[in-house]
Every structure is written in C-alpha cells, then in structure tokens.
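The file input-v1.txt comes next; it holds compact mmCIF, C-alpha atoms and all ligand atoms.
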```
# COMPACT_ATOMS: atom_id res chain seq x y z
CA MET A 1 -9.90 26.80 15.17
CA THR A 2 -9.92 23.19 14.10
CA GLU A 3 -13.23 22.04 12.62
CA PRO A 4 -15.06 19.45 14.75
CA SER A 5 -14.47 15.99 13.32
CA PRO A 6 -17.53 14.26 11.80
CA SER A 7 -16.30 10.98 13.29
CA ALA A 8 -14.95 10.01 16.68
CA GLU A 9 -11.42 10.70 15.51
CA PHE A 10 -9.46 13.53 17.07
CA ALA A 11 -9.77 16.52 14.78
CA GLY A 12 -6.08 17.37 14.43
CA THR A 13 -5.82 15.72 11.03
CA ALA A 14 -7.77 17.08 8.07
CA GLN A 15 -9.74 14.21 6.59
CA ARG A 16 -11.20 13.66 3.19
CA PRO A 17 -14.69 12.16 3.06
CA LEU A 18 -13.38 8.99 1.46
CA SER A 19 -13.29 5.63 3.17
CA ILE A 20 -10.67 3.14 1.93
CA VAL A 21 -11.12 -0.52 2.78
CA ARG A 22 -8.69 -2.49 0.62
CA ALA A 23 -5.49 -2.19 -1.41
CA ASP A 24 -3.94 -4.08 -4.29
CA GLY A 25 -0.57 -2.78 -5.50
CA ALA A 26 -1.03 0.96 -5.99
CA GLY A 27 -4.81 0.51 -6.13
CA LEU A 28 -6.92 1.66 -3.17
CA PHE A 29 -10.57 0.61 -3.07
CA ASP A 30 -13.44 2.40 -1.36
CA GLU A 31 -16.51 0.77 0.21
CA THR A 32 -18.36 0.70 -3.11
CA GLY A 33 -15.46 -1.09 -4.82
CA ARG A 34 -14.33 2.00 -6.72
CA ARG A 35 -10.60 1.86 -7.43
CA PHE A 36 -8.34 4.87 -6.86
CA VAL A 37 -4.67 5.05 -7.77
CA ASP A 38 -2.47 5.95 -4.83
CA LEU A 39 -0.22 8.85 -5.80
CA GLY A 40 0.55 9.69 -2.17
CA ALA A 41 -2.44 8.69 -0.06
CA THR A 42 -0.35 6.26 1.97
CA HIS A 43 2.10 9.05 2.88
CA GLY A 44 5.20 7.13 1.91
CA ALA A 45 4.45 4.23 4.25
CA GLY A 46 2.87 2.27 1.41
CA SER A 47 5.95 2.10 -0.83
CA LEU A 48 5.46 -1.66 -1.29
CA GLY A 49 1.72 -1.25 -1.80
CA ALA A 50 -0.66 -0.86 1.13
CA ALA A 51 -1.36 -4.61 1.30
CA ASN A 52 1.87 -6.21 0.15
CA PRO A 53 1.18 -9.98 0.13
CA GLU A 54 4.71 -10.93 1.23
CA VAL A 55 4.63 -8.54 4.16
CA ALA A 56 1.12 -9.74 5.08
CA ALA A 57 2.23 -13.39 4.96
CA ALA A 58 5.28 -12.68 7.12
CA ILE A 59 3.12 -10.96 9.74
CA ALA A 60 0.59 -13.81 9.77
CA THR A 61 3.30 -16.44 10.22
CA GLN A 62 5.03 -14.44 12.94
CA ALA A 63 1.77 -13.72 14.77
CA ARG A 64 1.01 -17.41 15.03
CA SER A 65 4.32 -18.17 16.75
CA LEU A 66 5.14 -15.03 18.77
CA LEU A 67 3.08 -11.86 18.55
CA TYR A 68 4.90 -9.84 21.16
CA LEU A 69 8.13 -9.91 23.15
CA GLY A 70 9.74 -7.15 25.20
CA SER A 71 12.98 -5.80 23.81
CA GLY A 72 14.80 -6.97 26.96
CA TYR A 73 14.86 -10.48 25.49
CA ARG A 74 16.71 -11.68 22.43
CA SER A 75 14.59 -12.36 19.39
CA PRO A 76 15.86 -14.17 16.28
CA VAL A 77 13.51 -12.25 14.00
CA ARG A 78 14.74 -8.92 15.40
CA ALA A 79 18.36 -10.04 15.00
CA ALA A 80 17.69 -11.11 11.41
CA PHE A 81 15.96 -7.82 10.57
CA LEU A 82 18.77 -5.72 12.05
CA GLU A 83 21.41 -7.76 10.28
CA LYS A 84 19.54 -7.31 7.00
CA LEU A 85 19.18 -3.55 7.53
CA LEU A 86 22.82 -3.01 8.53
CA GLY A 87 23.92 -5.15 5.59
CA LEU A 88 22.41 -2.55 3.26
CA LEU A 89 24.28 0.32 4.90
CA PRO A 90 27.93 1.45 4.96
CA PRO A 91 30.04 -0.47 7.50
CA SER A 92 30.38 2.57 9.77
CA PHE A 93 26.83 1.86 10.96
CA GLY A 94 26.59 -0.86 13.57
CA ARG A 95 23.77 -0.16 16.02
CA VAL A 96 20.02 0.35 15.69
CA PHE A 97 17.42 1.58 18.16
CA LEU A 98 13.96 0.40 17.09
CA SER A 99 10.76 2.31 17.82
CA ASN A 100 7.35 2.68 16.22
CA SER A 101 7.26 5.87 14.14
CA GLY A 102 9.27 8.58 12.46
CA THR A 103 8.93 11.05 15.28
CA GLU A 104 10.26 8.46 17.74
CA ALA A 105 13.23 7.76 15.47
CA VAL A 106 13.99 11.50 15.60
CA GLU A 107 13.48 11.75 19.37
CA ALA A 108 15.93 8.90 19.90
CA GLY A 109 18.39 10.64 17.60
CA ILE A 110 18.18 13.85 19.62
CA LYS A 111 18.63 11.99 22.92
CA ILE A 112 21.55 9.94 21.60
CA ALA A 113 23.26 13.07 20.26
CA ARG A 114 22.77 15.02 23.50
CA SER A 115 24.01 12.14 25.61
CA ALA A 116 26.96 11.20 23.37
CA THR A 117 28.25 14.75 22.98
CA GLY A 118 27.28 16.20 26.37
CA ARG A 119 25.89 19.18 24.42
CA THR A 120 22.35 20.43 23.80
CA LYS A 121 22.22 22.57 20.66
CA VAL A 122 20.51 21.23 17.54
CA VAL A 123 20.86 22.85 14.14
CA ALA A 124 18.04 22.07 11.70
CA ALA A 125 16.82 23.65 8.47
CA ARG A 126 14.08 26.09 7.62
CA ARG A 127 11.15 24.34 5.92
CA GLY A 128 12.27 21.08 7.56
CA PHE A 129 9.81 18.57 9.01
CA HIS A 130 10.84 16.01 11.61
CA GLY A 131 7.63 15.07 13.41
CA ARG A 132 5.18 16.39 15.97
CA THR A 133 6.30 15.24 19.42
CA MET A 134 7.99 17.90 21.50
CA GLY A 135 11.62 17.23 20.52
CA SER A 136 11.01 16.55 16.85
CA LEU A 137 8.52 19.44 16.71
CA SER A 138 11.25 21.73 18.01
CA ALA A 139 13.26 20.77 14.91
CA THR A 140 10.24 21.19 12.62
CA TRP A 141 10.08 24.61 11.01
CA ARG A 142 6.45 25.50 10.22
CA LYS A 143 5.16 28.15 12.59
CA GLU A 144 1.54 26.95 12.61
CA LEU A 145 2.64 23.47 13.67
CA ARG A 146 4.81 24.83 16.48
CA GLU A 147 3.05 27.86 17.90
CA PRO A 148 0.03 26.25 19.65
CA PHE A 149 2.39 24.05 21.67
CA GLU A 150 5.10 26.48 22.71
CA PRO A 151 7.34 26.65 24.65
CA LEU A 152 9.16 23.89 22.81
CA VAL A 153 12.51 22.34 23.70
CA PRO A 154 15.17 25.08 23.91
CA GLY A 155 18.41 25.04 21.92
CA PHE A 156 17.09 24.49 18.38
CA GLU A 157 18.30 26.78 15.61
CA HIS A 158 17.12 26.81 11.99
CA VAL A 159 19.31 27.78 9.05
CA PRO A 160 18.20 28.34 5.45
CA PHE A 161 18.17 25.02 3.57
CA ASN A 162 20.96 24.73 0.98
CA ASP A 163 22.93 27.64 2.46
CA PRO A 164 26.32 26.11 3.39
CA THR A 165 27.70 29.37 4.77
CA ALA A 166 24.79 29.84 7.19
CA LEU A 167 25.09 26.22 8.27
CA GLU A 168 28.84 26.44 8.83
CA SER A 169 28.47 29.52 11.01
CA ALA A 170 25.57 28.04 13.05
CA VAL A 171 27.43 24.83 13.96
CA ASP A 172 29.82 25.36 16.85
CA ASP A 173 31.33 23.67 19.90
CA ALA A 174 27.94 23.69 21.66
CA THR A 175 26.23 21.77 18.84
CA ALA A 176 25.14 18.23 19.63
CA LEU A 177 23.36 17.52 16.38
CA VAL A 178 22.83 18.75 12.85
CA LEU A 179 19.51 17.33 11.66
CA LEU A 180 18.64 17.46 7.95
CA GLU A 181 16.37 15.83 5.39
CA PRO A 182 18.26 15.03 2.15
CA VAL A 183 15.02 15.95 0.38
CA GLN A 184 12.60 18.07 2.36
CA GLY A 185 9.29 16.28 1.88
CA GLU A 186 6.58 18.01 3.91
CA GLY A 187 8.31 21.36 3.41
CA GLY A 188 7.58 21.38 -0.32
CA VAL A 189 9.92 18.79 -1.89
CA HIS A 190 13.29 20.57 -1.93
CA VAL A 191 16.36 18.54 -2.82
CA ALA A 192 19.57 19.20 -0.89
CA THR A 193 22.62 20.20 -2.86
CA GLU A 194 25.73 18.10 -2.51
CA GLU A 195 27.60 21.22 -1.40
CA PHE A 196 25.16 21.74 1.50
CA LEU A 197 25.39 18.15 2.73
CA ARG A 198 29.19 18.15 2.43
CA ALA A 199 29.31 21.41 4.38
CA ALA A 200 27.17 19.81 7.08
CA ARG A 201 29.52 16.82 7.28
CA ALA A 202 32.57 19.10 7.43
CA ALA A 203 31.06 21.39 10.09
CA CYS A 204 30.22 18.36 12.26
CA ASP A 205 33.72 16.94 11.84
CA ARG A 206 35.26 20.32 12.69
CA THR A 207 33.22 20.79 15.89
CA GLY A 208 32.65 17.22 17.09
CA SER A 209 28.90 17.50 16.47
CA LEU A 210 26.87 14.58 15.14
CA LEU A 211 25.18 14.62 11.75
CA ALA A 212 21.75 13.00 11.37
CA PHE A 213 19.89 12.52 8.14
CA ASP A 214 16.16 12.22 8.60
CA GLU A 215 15.31 9.70 5.89
CA VAL A 216 11.88 8.90 7.29
CA GLN A 217 10.38 9.99 3.97
CA THR A 218 13.34 9.58 1.60
CA GLY A 219 14.58 6.20 2.84
CA VAL A 220 13.93 2.67 1.57
CA ALA A 221 14.30 3.24 -2.19
CA ARG A 222 11.98 6.26 -2.45
CA THR A 223 14.47 8.61 -4.12
CA GLY A 224 16.07 6.15 -6.53
CA ARG A 225 18.70 4.90 -4.07
CA LEU A 226 18.06 2.57 -1.14
CA PHE A 227 18.85 5.57 1.07
CA ALA A 228 19.03 9.08 -0.33
CA PHE A 229 22.43 9.87 1.21
CA GLN A 230 23.96 7.19 -1.02
CA ARG A 231 23.44 9.48 -4.02
CA TRP A 232 25.96 11.96 -2.62
CA ASN A 233 27.95 9.54 -0.51
CA VAL A 234 27.90 11.90 2.44
CA VAL A 235 27.57 9.47 5.34
CA PRO A 236 25.87 10.71 8.53
CA ASP A 237 26.47 9.54 12.11
CA LEU A 238 22.77 8.87 12.59
CA LEU A 239 20.24 7.69 10.04
CA LEU A 240 16.57 8.04 10.93
CA LEU A 241 14.08 5.73 9.24
CA ALA A 242 10.39 4.84 9.49
CA LYS A 243 7.41 4.92 7.06
CA SER A 244 7.83 2.01 4.62
CA LEU A 245 10.76 0.34 6.43
CA ALA A 246 8.37 -2.42 7.59
CA GLY A 247 6.14 -2.37 4.52
CA GLY A 248 3.42 -0.31 6.24
CA VAL A 249 3.60 -1.76 9.75
CA PRO A 250 4.51 0.89 12.37
CA ILE A 251 8.26 1.09 12.90
CA GLY A 252 10.99 3.63 13.54
CA ALA A 253 14.73 3.05 13.41
CA THR A 254 17.57 5.20 14.68
CA VAL A 255 20.71 3.78 13.11
CA THR A 256 24.09 4.84 14.42
CA THR A 257 27.72 3.88 14.73
CA ARG A 258 29.30 1.71 17.42
CA GLU A 259 31.48 4.68 18.31
CA VAL A 260 28.48 6.93 19.05
CA GLU A 261 26.80 4.13 21.00
CA GLY A 262 29.97 3.78 23.07
CA ARG A 263 29.61 7.42 24.17
CA PHE A 264 25.89 7.12 25.02
CA ARG A 265 25.02 7.44 28.72
CA GLY A 266 21.59 6.83 30.22
CA SER A 267 18.86 4.66 28.78
CA HIS A 268 16.20 4.82 26.11
CA HIS A 269 13.46 2.29 25.60
CA SER A 270 10.09 1.63 23.98
CA THR A 271 7.63 -1.14 24.93
CA PHE A 272 6.74 -1.90 21.33
CA GLY A 273 10.04 -0.95 19.73
CA GLY A 274 11.56 -3.96 17.97
CA ASN A 275 8.48 -6.13 18.43
CA PRO A 276 8.42 -9.40 16.48
CA LEU A 277 5.59 -8.39 14.15
CA ALA A 278 7.32 -5.21 13.01
CA CYS A 279 10.63 -7.03 12.63
CA ALA A 280 9.06 -9.86 10.59
CA ALA A 281 7.37 -7.24 8.42
CA GLY A 282 10.63 -5.29 8.12
CA LEU A 283 12.58 -8.36 7.09
CA ALA A 284 10.00 -9.25 4.42
CA ALA A 285 9.85 -5.63 3.26
CA LEU A 286 13.63 -5.26 2.86
CA ASP A 287 13.84 -8.59 1.03
CA PHE A 288 11.12 -7.39 -1.32
CA VAL A 289 12.65 -3.95 -1.91
CA VAL A 290 16.04 -5.44 -2.79
CA ARG A 291 14.77 -8.37 -4.87
CA GLU A 292 12.33 -6.22 -6.85
CA ARG A 293 14.97 -3.51 -7.36
CA LEU A 294 12.56 -0.83 -6.19
CA ALA A 295 15.25 1.85 -6.02
CA GLU A 296 15.99 1.45 -9.73
CA ARG A 297 12.27 1.39 -10.44
CA ALA A 298 11.79 4.64 -8.48
CA GLU A 299 14.63 6.26 -10.43
CA ARG A 300 13.24 5.15 -13.79
CA LEU A 301 9.60 6.08 -13.14
CA GLY A 302 10.73 9.36 -11.59
CA ASP A 303 12.73 10.22 -14.72
CA VAL A 304 9.71 9.47 -16.91
CA ALA A 305 7.58 11.77 -14.75
CA ARG A 306 10.07 14.63 -14.61
CA ARG A 307 10.41 14.65 -18.38
CA ARG A 308 6.63 14.89 -18.76
CA LEU A 309 5.99 17.30 -15.90
CA ALA A 310 8.69 19.67 -17.20
CA ARG A 311 6.32 20.41 -20.07
CA LEU A 312 3.48 21.59 -17.81
CA PRO A 313 2.44 25.16 -18.67
CA ALA A 314 4.56 27.80 -16.92
CA GLU A 315 1.53 30.05 -16.35
CA ARG A 316 0.19 27.43 -13.90
CA VAL A 317 3.37 25.74 -12.64
CA ARG A 318 6.28 27.53 -11.03
CA GLU A 319 8.63 24.55 -10.71
CA VAL A 320 8.82 20.74 -10.66
CA ARG A 321 11.27 19.29 -8.15
CA GLY A 322 12.24 15.98 -6.62
CA LEU A 323 14.19 12.77 -6.82
CA GLY A 324 12.94 9.32 -7.79
CA LEU A 325 9.31 8.94 -6.76
CA LEU A 326 9.25 11.90 -4.38
CA LEU A 327 8.11 14.74 -6.63
CA GLY A 328 6.68 18.18 -6.02
CA ILE A 329 4.82 20.35 -8.52
CA GLU A 330 4.82 23.91 -7.24
CA LEU A 331 1.72 25.67 -8.56
CA ARG A 332 1.13 29.38 -8.88
CA GLU A 333 -2.07 28.96 -6.86
CA LYS A 334 -3.55 26.85 -4.06
CA VAL A 335 -3.26 23.10 -4.52
CA ALA A 336 -6.53 22.02 -2.83
CA PRO A 337 -8.76 22.21 -5.95
CA TYR A 338 -6.15 20.28 -7.93
CA LEU A 339 -6.21 17.46 -5.37
CA ALA A 340 -10.02 17.38 -5.48
CA ALA A 341 -10.02 17.31 -9.29
CA LEU A 342 -7.53 14.44 -9.29
CA GLU A 343 -9.62 12.55 -6.74
CA ALA A 344 -12.70 12.98 -8.95
CA ARG A 345 -10.69 11.32 -11.73
CA GLY A 346 -9.64 8.45 -9.44
CA PHE A 347 -6.16 9.58 -8.34
CA LEU A 348 -5.20 10.36 -4.73
CA ALA A 349 -2.31 12.81 -4.42
CA ILE A 350 -1.30 14.94 -1.44
CA ALA A 351 -0.04 18.44 -0.76
CA ALA A 352 3.27 19.64 0.64
CA GLY A 353 2.28 23.09 1.90
CA ALA A 354 -0.40 25.29 0.33
CA THR A 355 0.78 25.30 -3.27
CA VAL A 356 2.80 22.14 -3.84
CA LEU A 357 1.21 19.02 -5.29
CA ARG A 358 3.24 16.12 -3.94
CA LEU A 359 3.57 12.74 -5.65
CA LEU A 360 4.62 9.91 -3.37
CA PRO A 361 3.21 6.81 -5.08
CA PRO A 362 3.94 3.22 -4.06
CA LEU A 363 7.18 2.19 -5.74
CA VAL A 364 5.35 -0.87 -7.08
CA ILE A 365 2.95 1.30 -9.10
CA GLU A 366 2.24 -0.26 -12.50
CA GLU A 367 3.54 1.76 -15.43
CA ARG A 368 0.03 2.11 -16.85
CA ASP A 369 -1.23 3.59 -13.55
CA TRP A 370 1.72 5.97 -13.38
CA ASP A 371 1.16 6.97 -16.97
CA ALA A 372 -2.56 7.51 -16.32
CA GLY A 373 -1.78 9.51 -13.18
CA LEU A 374 0.58 11.80 -15.08
CA SER A 375 -2.03 12.25 -17.81
CA ALA A 376 -4.62 13.15 -15.17
CA ILE A 377 -2.23 15.73 -13.71
CA GLU A 378 -1.58 17.22 -17.15
CA GLU A 379 -5.33 17.48 -17.73
CA VAL A 380 -6.12 18.97 -14.32
CA VAL A 381 -3.31 21.52 -14.67
CA ALA A 382 -4.49 22.42 -18.18
CA HIS A 383 -7.97 23.05 -16.71
CA GLY A 384 -6.60 25.19 -13.86
CA GLY A 385 -7.49 22.71 -11.12
CA ARG A 386 -10.84 21.53 -12.46
C1 LIG B 401 11.12 13.62 7.20
C2 LIG B 401 10.12 13.18 8.24
N1 LIG B 401 10.52 13.01 9.51
C3 LIG B 401 9.68 12.60 10.45
C4 LIG B 401 8.35 12.37 10.18
C5 LIG B 401 7.42 11.91 11.27
O1 LIG B 401 7.05 10.60 11.07
P1 LIG B 401 5.78 9.99 11.85
O2 LIG B 401 4.57 10.63 11.28
O3 LIG B 401 5.87 8.52 11.59
O4 LIG B 401 5.97 10.32 13.29
C6 LIG B 401 7.87 12.53 8.88
C7 LIG B 401 6.46 12.30 8.55
O5 LIG B 401 5.97 12.66 7.52
C8 LIG B 401 8.78 12.95 7.88
O6 LIG B 401 8.39 13.14 6.61
```

Would you write the structure of this file as structure tokens?
Ligand SMILES: Cc1ncc(COP(=O)(O)O)c(C=O)c1O
Amino acid sequence: MTEPSPSAEFAGTAQRPLSIVRADGAGLFDETGRRFVDLGATHGAGSLGAANPEVAAAIATQARSLLYLGSGYRSPVRAAFLEKLLGLLPPSFGRVFLSNSGTEAVEAGIKIARSATGRTKVVAARRGFHGRTMGSLSATWRKELREPFEPLVPGFEHVPFNDPTALESAVDDATALVLLEPVQGEGGVHVATEEFLRAARAACDRTGSLLAFDEVQTGVARTGRLFAFQRWNVVPDLLLLAKSLAGGVPIGATVTTREVEGRFRGSHHSTFGGNPLACAAGLAALDFVVRERLAERAERLGDVARRRLARLPAERVREVRGLGLLLGIELREKVAPYLAALEARGFLAIAAGATVLRLLPPLVIEERDWDAGLSAIEEVVAHGGR
C-alpha cells in the first residue's frame, strides 16, 4: 500500500520532508535559507542548474511576445530550436516530434516505429526504464512498477542488458523497434558495451527493425558527450530526449530520420508539444550547453569522481559505475540511510533501485561543491550510512 500523502499531492511519488524554494547553480535553498548541494535532486532535468539565468531570461522574453501557439502554425522560435538541435546531431537525423516529457518522447517513438514498419514487436532490456505511461511502461522492466497496471501493451520482450547474443536472437522480422538506454539510469547505472550497441544496430539492419536510443537521462552532455551514442558512434534511427533539453522546462523530443518519417502513416499530436516557451528555453539551453562546453566538463568532473570513488572501501561498496556525471555507487546494503546522512550534511543525492546511490548533479556544479559532495560521500560510506 502507498502511504497517504501528508499534502494534497497524489501519493504515487515518495517525498522527502524538505521544501525547496530557490536555486542558484547547483545550490538548492529551503524555506529557511539553508543551502543544499544538488547531487541528483533535480533528476537530470536541472543539468544547467535549476534556475539558469539565461534560460529564465529567454522564457521571460518569449512569454511577453507569444506565450502559446498550437503546433499547427509555424513558429520562428520552434524552427530555430529544431535547427539548433538537428545541427548538433549526425546528418541522418532530419525530423523532430516535440512533446512535453520523456515518457511522451518514448510513446511517440513506439507509435512511429509501429507505423513506419507495419510491425508491433518491441525489444527492450531488462533493468531498463522508459517511463510510466502505458506504452513506455510496457518497455520498463521493474515488476513493481508494471504489475499494478497490467495488462500492459502486448508485444514487448525484454532481453538481458549487454547480452548481444540474446538481443540478436530476440530481434526478428516481426520487430518494429529495439529500445535501449546507452546507460541505464533508473535501473542502477549500467553502461552499455559497444559490442551490445553494435549488435543492436546490426540486428535492426538485418531485420528492417528500427533502433531507438532512449537518451532522456543520458542526453544533453550528461555522459561527457552531447549525446551518449556519440561515444560509440552507433547511430540509432530514433533518438529520444527530454529532461534538461529545455533547461528544466517540460519538453520531450523524438528525433528521427526523413526516411522513417516518409514511412509514417497516421497522425500524432500534442497540444503543448513544441510550444514557444519550451522552444525558447530549449534554444537558450542548447546555446548554453555548447558555449559552456558542458559535455567536456561532465567528462572531467566524472573522471575526478571515479578516481576518488574507486577508493571507497570494498566492504561497503560493491561497484562504482557510470559515465560523465551519471554515476552509480552500488552498496552492499540499502541506500536509504546513506541518502538521509548526505541530506543531513547538506547534499541531496538520489537512489537507483534499493542499493545504488546515484549521482546526477547539475553539469554546472562548482568544483568546490563537487569536491565537498565527494568528501561527504566518503565520510558517510566510512560511517556505514550515518
Ligand atoms: C531513460 C528514461 N526514459 C524515460 C523517462 C521518463 O521521463 P519522464 O519522467 O519525463 O516522463 C526517464 C525518467 O527518468 C528516463 O530516465
């Protein structure tokens, strides 16, 4: 049973008794003015800081001239945002469907793949997470997220992550889509091997299936590349983005090729998808990410962290995994007390499953905050979660 919520909010989301009212860089401030360092509290949507001044200014300017316009009309700010986004991607990509969240980006990907291939089967990975609406939830692996809502959409099959042989044998002439995260975030921070991603590409090419990378969490400089797939240079047919793509303003993007779009039949639409505010925010966010070289920053700060975290005591820590500033510390015990102990010291981290402490800080985090956060983790681990 879910505990009744102490507030009016629906009780599906576990909440900490901490109220945040303001942000500055990686700093989050509560009602009393106490500063916490965000090591993951903004769930990857705050990569540019949860109150990026350039994003805020772009939204304010846009709101004064045009707050909302239906996607049936042309919009210069939408055109500029899409041009900017496509300019950062390989030339095979040429079309973008805009929505408002990660799960919608995934849903659009599933619909596009079904329609373009005339097939229904989707192959996803065990431990994968793709969202919580009915289609994306059908691709999500965790039993406790799925079971209360079954029956889900039929035709989804899950293969072990990083098992190329299992993947190759699951993908066949009935497969519309292979849907993978290059780094599984919610599922415990597991990095895909190049061999696995290449096998996925080859299996799709062999069978005429489409390959989608869900980069909702790994995209926009998080893993030390603008998009994680660029590390391996395995290019998918569909790229699914959300979280920090618009600097913290709700957005989802399903990026695909002109060729796939040409095979799409039917329609797909969202009232708020591609709205001027999100596009203005997205344009400002991408400008900021590129100009500030946030991918390189993520790579550098991630390397610093991995070197330090590798020295954590093996009797408490099973493994440290990740890429760039998406890191997972797998403990030998439950993570909840560790998160509470970090919070008491002024650092807000999150879990990825019961035993993994996940670090997903803003990419703009100051080196002294990152250093202090790592020191706090070392101390909390040394004290066994106290
Ligand atoms: C890889 C991945 N896909 C999809 C989603 C769903 O995104 P949203 O919560 O915006 O619907 C998430 C959210 O954490 C995610 O990490």

Inset, instruction - Can you work out which one of A:His190, A:Arg368, A:Arg22, A:Lys84 has the shortest atom-to-atom distance to Arg127 (chain A), counting all atoms listed in the file? - result: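 Answer, going by the shortest atom-to-atom distance: A:His190.
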
Inset, instruction - Give the residue list for ligand LIG 401 (chain B) at 8 Å, counting only C-alpha atoms and all ligand atoms, as a PyMOL selection string, sorted by chain and then by residue number. - result: chain A and resi 43-44+100-106+128-133+136+181+184-186+214-218+240+242-243+250-252

Legend entry - Exercise: residues within 12 Å of coordinate (11.4, 6.9, 2.5), counting all atoms listed in the file, as a PyMOL selection string: chain A and resi 42-48+102+181-185+213-229+239-248+252+289+294-295+298+323-326+360-363

Inset, instruction - Point out the residue among A:Gly373, A:Pro337, A:Pro91, A:Pro154 with the least atom-to-atom distance to Ala351 (chain A), counting all atoms listed in the file. - result: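 Selected residue with least distance to Ala351 (chain A): A:Pro337.
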
12 Å contact set for Tyr73 (chain A), all atoms listed in the file, chain neighbours under 6 positions out, as a PDB file with C-alpha atoms, in the frame of the given file:
```
ATOM      1  CA  ALA A  79      18.360 -10.040  15.000  1.00  0.00           C
ATOM      2  CA  THR A 271       7.630  -1.140  24.930  1.00  0.00           C
ATOM      3  CA  GLY A 274      11.560  -3.960  17.970  1.00  0.00           C
ATOM      4  CA  ASN A 275       8.480  -6.130  18.430  1.00  0.00           C
ATOM      5  CA  PRO A 276       8.420  -9.400  16.480  1.00  0.00           C
TER       6      PRO A 276
END
```

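Distance cut-off 12 Å, centre (30.4, 4.8, 8.3), atoms counted all atoms listed in the file; the residues meeting this are Leu86, Leu88, Leu89, Pro90, Pro91, Ser92, Phe93, Gly94, Arg95, Leu211, Phe229, Gln230, Asn233, Val234, Val235, Pro236, Asp237, Leu238, Leu239, Val255, Thr256, Thr257, Arg258, Glu259 and Val260 of chain A.
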
Inset, instruction - Might you pull out every residue within 12 Å of Arg34 (chain A), with only C-alpha atoms counted and same-chain residues fewer than 5 positions away left off, and present them as a list in words? - result: Leu18, Ser19, Ile20, Val21, Arg22, Ala23, Gly27, Leu28, Phe29, Glu343, Ala344, Arg345, Gly346 and Phe347 of chain A

Inset, instruction - Could you please determine the separation between CA of Leu327 (chain A) and CA of Gln15 (chain A) in Å, to one decimal place? - result: 22.2 Å
